[in-house]
Amino acid sequence: MAYVPGVALLAALAVGCSAGSDGSASDADSKPGGPTVTTAPPGKYRTLPAPCRAVPGSTLKDLLPGVAELPQQQQEKAFRGSPTVTYDTDRKVGCSWKSDAPDSTRNLSIDFERVVSYDPAVSDDDRARTLYAKKETAADLSGVTTPPGPPEKPAGSAAGEEMGTGKPDGGEGPAGPSPSASGSTPGTASGTPGAPGGGSEDLRSRVLDGLGDAAFLDDLLTRAGSTAQHRTVSVVFRTSNVIVTVRYGEQPALVTKVPDSKELQEKAQALARKLAEVISE
């Protein structure tokens, strides 16, 4: 009777040793102390606002002169805007508007892009930061371009004062100082600092402060043949993993008239700041 419990005890010890051996193998497979993969955090924003409803009606009336003179039904259609055709509205949306007034045509468009990184080691914010940097580099903010146009008139002439100089309005091109395309007088407005080395406002394409996490403005004046000059001001900014682009342009009816750079820049920036608030809501 004493022999049987001894056999049972040996069997139990054998089972225990076997289990311990298996546990050691499992622990070895888990490779404790090895490198661990950390997944980057997702972006702050998971959705995008409805673009055609993102701009207040009062702002649209100011940006699209001439629409208010149309019949009520046409006004509503013009202010409604045209959605940008996209195939993934969860990632990219946009809207555009246009107004035709007797003295000029205005164009406005906005685009929202929500950046998502599919690399677990790269966050959405870092991916958005990289894409934004490419846009800023492509804008060539340090470049100076002069759009094609008629020969420059003698300094001091009325025609000479209206000559556009492309991006560096009020700035200095490769051949030296040039008149401001916006026709603005020397000095500052609303406390805006003047351009370096002069008293006029700095209306060149440039990096902007106080808008999102990063922002820049690109002012481009173009002319195609003998047609009127067209100016487009683009404001691009990034806030977390969303990149927003505002484009506001004007083409005067008269060939001799140059679109006002100062006005377009101020209105485009003001709209961009409104959109930054809309995204944060």
# chains A, B, ... in the order shown; residues from 1 in each chain; ligands from 1
$ residues_around --residues "range 37-50 of chain A" --least-positions-apart "6" --cutoff "9 Å" --atoms "only C-alpha atoms" --output "number ranges by chain"
A: 89-95, 112-117, 119-125, 240-242, 278-280
$ write_last_selection --atoms "C-alpha atoms" --output "PDB file, in the first residue's frame"
ATOM      1  CA  THR A  89     -14.521  62.743 -49.616  1.00  0.00           C
ATOM      2  CA  ASP A  90     -13.240  61.428 -46.307  1.00  0.00           C
ATOM      3  CA  ARG A  91      -9.744  62.524 -47.310  1.00  0.00           C
ATOM      4  CA  LYS A  92     -10.108  65.475 -49.672  1.00  0.00           C
ATOM      5  CA  VAL A  93     -12.917  67.942 -50.430  1.00  0.00           C
ATOM      6  CA  GLY A  94     -13.213  71.362 -52.035  1.00  0.00           C
ATOM      7  CA  CYS A  95     -15.528  74.006 -53.456  1.00  0.00           C
ATOM      8  CA  PHE A 112      -9.294  70.603 -47.448  1.00  0.00           C
ATOM      9  CA  GLU A 113      -6.977  67.603 -47.355  1.00  0.00           C
ATOM     10  CA  ARG A 114      -6.896  65.248 -44.379  1.00  0.00           C
ATOM     11  CA  VAL A 115      -3.579  63.440 -44.382  1.00  0.00           C
ATOM     12  CA  VAL A 116      -3.398  59.846 -43.191  1.00  0.00           C
ATOM     13  CA  SER A 117      -0.114  57.972 -42.812  1.00  0.00           C
ATOM     14  CA  ASP A 119       3.165  53.749 -42.084  1.00  0.00           C
ATOM     15  CA  PRO A 120       2.713  52.750 -38.403  1.00  0.00           C
ATOM     16  CA  ALA A 121       6.073  54.335 -37.593  1.00  0.00           C
ATOM     17  CA  VAL A 122       5.085  57.737 -39.083  1.00  0.00           C
ATOM     18  CA  SER A 123       2.314  59.804 -37.535  1.00  0.00           C
ATOM     19  CA  ASP A 124      -0.392  61.550 -39.549  1.00  0.00           C
ATOM     20  CA  ASP A 125       1.003  64.898 -38.390  1.00  0.00           C
ATOM     21  CA  SER A 240      -2.238  69.075 -37.366  1.00  0.00           C
ATOM     22  CA  ASN A 241      -2.996  66.533 -40.116  1.00  0.00           C
ATOM     23  CA  VAL A 242      -5.157  68.811 -42.303  1.00  0.00           C
ATOM     24  CA  VAL A 278     -14.107  76.123 -38.745  1.00  0.00           C
ATOM     25  CA  ILE A 279     -11.754  73.135 -38.652  1.00  0.00           C
ATOM     26  CA  SER A 280     -11.159  73.541 -34.916  1.00  0.00           C
TER      27      SER A 280
END
$ atom_distance --atom1 "CA of Tyr248 in chain A" --atom2 "CA of Gln72 in chain A"
24.0 Å
$ decode --residues "range 46-145 of chain A" --atoms "C-alpha atoms" --output "compact mmCIF listing (two decimals), in the first residue's frame"
# COMPACT_ATOMS: atom_id res chain seq x y z
CA ARG A 46 -10.81 62.39 -38.36
CA THR A 47 -13.33 64.30 -40.53
CA LEU A 48 -13.46 67.34 -42.81
CA PRO A 49 -15.99 70.20 -42.91
CA ALA A 50 -18.47 70.56 -45.76
CA PRO A 51 -16.47 72.94 -48.04
CA CYS A 52 -19.36 74.67 -49.80
CA ARG A 53 -20.86 75.58 -46.42
CA ALA A 54 -17.58 76.50 -44.75
CA VAL A 55 -17.56 80.13 -45.99
CA PRO A 56 -20.13 82.46 -44.37
CA GLY A 57 -22.61 84.16 -46.71
CA SER A 58 -21.46 87.63 -45.67
CA THR A 59 -17.88 86.70 -46.57
CA LEU A 60 -18.92 85.38 -49.97
CA LYS A 61 -20.74 88.65 -50.74
CA ASP A 62 -17.56 90.55 -49.99
CA LEU A 63 -15.32 88.22 -52.01
CA LEU A 64 -17.66 87.97 -55.00
CA PRO A 65 -18.74 91.49 -55.96
CA GLY A 66 -21.38 91.53 -58.63
CA VAL A 67 -23.31 88.50 -57.39
CA ALA A 68 -25.49 90.69 -55.18
CA GLU A 69 -26.75 92.45 -58.34
CA LEU A 70 -28.10 89.22 -59.82
CA PRO A 71 -31.72 88.03 -59.46
CA GLN A 72 -32.38 86.14 -56.24
CA GLN A 73 -32.38 82.69 -57.84
CA GLN A 74 -29.06 83.31 -59.59
CA GLN A 75 -27.57 84.72 -56.39
CA GLU A 76 -28.43 81.56 -54.49
CA LYS A 77 -26.87 79.41 -57.20
CA ALA A 78 -23.68 81.50 -57.29
CA PHE A 79 -23.26 81.51 -53.50
CA ARG A 80 -23.97 77.77 -53.33
CA GLY A 81 -20.68 77.04 -55.05
CA SER A 82 -19.54 74.02 -57.07
CA PRO A 83 -18.15 71.04 -55.14
CA THR A 84 -14.80 69.74 -56.29
CA VAL A 85 -15.02 66.27 -57.82
CA THR A 86 -13.10 63.86 -55.59
CA TYR A 87 -13.16 60.11 -55.15
CA ASP A 88 -12.55 60.04 -51.41
CA THR A 89 -14.52 62.74 -49.62
CA ASP A 90 -13.24 61.43 -46.31
CA ARG A 91 -9.74 62.52 -47.31
CA LYS A 92 -10.11 65.48 -49.67
CA VAL A 93 -12.92 67.94 -50.43
CA GLY A 94 -13.21 71.36 -52.04
CA CYS A 95 -15.53 74.01 -53.46
CA SER A 96 -15.26 76.89 -55.94
CA TRP A 97 -17.16 80.09 -56.71
CA LYS A 98 -17.09 82.65 -59.51
CA SER A 99 -18.55 86.11 -60.02
CA ASP A 100 -18.69 88.28 -63.13
CA ALA A 101 -18.96 92.01 -62.53
CA PRO A 102 -18.75 94.76 -65.18
CA ASP A 103 -15.23 95.71 -64.13
CA SER A 104 -13.71 92.31 -63.28
CA THR A 105 -14.12 88.58 -62.76
CA ARG A 106 -13.38 87.01 -59.38
CA ASN A 107 -12.59 83.36 -58.66
CA LEU A 108 -12.50 81.67 -55.27
CA SER A 109 -11.71 78.09 -54.34
CA ILE A 110 -10.95 76.25 -51.10
CA ASP A 111 -9.55 72.74 -50.58
CA PHE A 112 -9.29 70.60 -47.45
CA GLU A 113 -6.98 67.60 -47.35
CA ARG A 114 -6.90 65.25 -44.38
CA VAL A 115 -3.58 63.44 -44.38
CA VAL A 116 -3.40 59.85 -43.19
CA SER A 117 -0.11 57.97 -42.81
CA TYR A 118 -0.26 54.29 -43.61
CA ASP A 119 3.17 53.75 -42.08
CA PRO A 120 2.71 52.75 -38.40
CA ALA A 121 6.07 54.33 -37.59
CA VAL A 122 5.09 57.74 -39.08
CA SER A 123 2.31 59.80 -37.54
CA ASP A 124 -0.39 61.55 -39.55
CA ASP A 125 1.00 64.90 -38.39
CA ASP A 126 4.51 64.05 -39.59
CA ARG A 127 3.18 62.92 -42.96
CA ALA A 128 1.14 66.15 -43.27
CA ARG A 129 4.23 68.16 -42.30
CA THR A 130 6.18 66.53 -45.14
CA LEU A 131 3.43 67.17 -47.73
CA TYR A 132 3.07 70.79 -46.62
CA ALA A 133 6.85 71.32 -46.91
CA LYS A 134 6.70 70.09 -50.52
CA LYS A 135 3.97 72.60 -51.33
CA GLU A 136 5.96 75.44 -49.79
CA THR A 137 9.08 74.41 -51.71
CA ALA A 138 7.12 74.23 -54.96
CA ALA A 139 5.84 77.77 -54.40
CA ASP A 140 9.46 79.01 -54.54
CA LEU A 141 8.85 81.86 -52.14
CA SER A 142 12.37 83.18 -52.59
CA GLY A 143 12.03 83.32 -56.38
CA VAL A 144 11.35 86.56 -58.27
CA THR A 145 9.36 86.33 -61.45
